[in-house]
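**Q** Got a structure for you, written out below as structure tokens; questions coming shortly.
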Amino acid sequence: MADIKLLRKNRLKRQKRIRAKIIGTSMRPRLTVFRSNKHISLQVINDTLGKTLASASDLIGTAKIKGTKTEKAVIVSKALLEVLNKKKIKNLVFDRSYYKYHGRVKAVAETLREGGIQL
């Protein structure tokens with residue numbers, strides 16, 4: 001039990017350390033990633049206004065997304081890319097939260113970069 005509390009404490013410290021350096025503005029909103037064991041969710045946030053500009057998740061929609069977790073992350077990031085293109089947002093600040101830049105988080109970033117978004 002103490003190990004779980006220590007892990008959570010370290011995770012929150014890591015998140016605060018990263019979040020202190022990252023601020024989303026109207027010119028460069030913040031892209032935040034949340035991943036669970038099964039799903040992934042992306043949000044584009046303007047921190048100065050405190051508003052979510054765009055979001056995408058594999059839970060949104062009627063069609064169930066099939067494939068591996070990394071393939072789902074790529075599909076979700078492509079869906080977010082379409083929304084960002086409609087809103088003419090080209091620059092983002094990437095907030096990986098407390099996750100390592102590896103696997104699904106890396107797949108999201110690379111897919112958005114391939115779509116023309118500057119992270």
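Residue names in the structure tokens use chain letters A, B, ... in the order shown, residue numbers from 1 in each chain, and ligand numbers from 1 in the order shown.
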Hey, which bits of region 11-95 of chain A sit within 7 Å of region 110-114 of chain A, and for each residue what's the closest pair of atoms and how far apart in Å (one decimal), counting only C-alpha atoms, rows by chain and increasing number, as a Markdown table?

**A**
```
| residue | atom | partner | partner_atom | distance |
| --- | --- | --- | --- | --- |
| A:Val74 | CA | A:Thr111 | CA | 6.4 |
| A:Ser77 | CA | A:Leu112 | CA | 6.5 |
| A:Lys78 | CA | A:Thr111 | CA | 7.0 |
| A:Leu81 | CA | A:Leu112 | CA | 6.5 |
```

**Q** Can you pull out the residues contacting Phe34 (chain A)? Cut-off 12 Å, using only C-alpha atoms, and skip same-chain residues under 4 positions away; I want them as a list of chain:residue names.

**A**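 With the cut-off at 12 Å, the set is A:Gln15, A:Lys38, A:His39, A:Ile40, A:Ser41, A:Leu42, A:Gln43, A:Val44, A:Ser55, A:Ala56, A:Ser57, A:Asp58, A:Ala73, A:Val76, A:Asp95, A:Arg96, A:Ser97, A:Tyr98, A:Tyr99, A:Lys100, A:Arg104, A:Val105, A:Val108.
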
**Q** I need the strand (DSSP E or B) residues of chain A per DSSP on the backbone, written as a list in words.

**A**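 Output for chain A, strand (DSSP E or B) only: Arg30, Leu31, Thr32, Val33, Phe34, Arg35, Ile40, Ser41, Leu42, Gln43, Val44, Ile45, Asn46, Lys51, Thr52, Leu53, Ala54, Ser55, Ala56, Ser57, Asn91, Val93, Phe94, Asp95 and Gln118 of chain A.
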
**Q** Considering only C-alpha atoms, return as a list in words whatever protein or nucleic-acid residues lie within 12 Å of Ala54 (chain A), sequence-local ones (same chain, fewer than 2 positions apart) excluded.

**A** Pro29, Arg30, Leu31, Thr32, Ser41, Leu42, Gln43, Val44, Ile45, Asn46, Lys51, Thr52, Ala56, Ser57, Ser77, Ala79, Leu80, Leu81, Glu82, Val83, Leu84, Asn85, Lys86, Lys87, Lys88, Ile89 and Leu92 of chain A

**Q** Taking the backbone alone, and naming residues the way the document does, which bits of chain A are helix (DSSP H, G or I) by DSSP, as a PyMOL selection string?

**A** chain A and resi 2-21+69-86+104-114

**Q** Write out as a list in words the residues lying within 6 Å of Asp47 (chain A), counting only C-alpha atoms and excluding same-chain residues fewer than 2 positions away.

**A**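 That gives Gly24, Thr25, Ile45, Leu49 and Gly50 of chain A.
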
**Q** Can you work out which one of A:Arg28, A:Arg35, A:Lys64, A:Lys16 has the shortest atom-to-atom distance to Asn91 (chain A), counting only C-alpha atoms?

**A**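 Distance minimum relative to Asn91 (chain A) lands on A:Arg28.
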
**Q** Report the distance between CA of Gln118 (chain A) and CA of Lys21 (chain A) in Å, rounded to one decimal place.

**A**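 It comes out at 17.6 Å.
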
**Q** Work out how far CA of Ser26 (chain A) is from CA of Gly115 (chain A), in Å to one decimal.

**A**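 Those two atoms sit 20.2 Å apart.
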
**Q** What is the CA of Val93 (chain A) to CA of Ala107 (chain A) distance in Å?

**A**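 Distance between the two atoms: 15.9 Å.
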
**Q** Which residue is closest to Arg19 (chain A)? Choose from A:Phe94, A:Gly61, A:Thr68, A:His102 and count only C-alpha atoms.

**A** A:Phe94
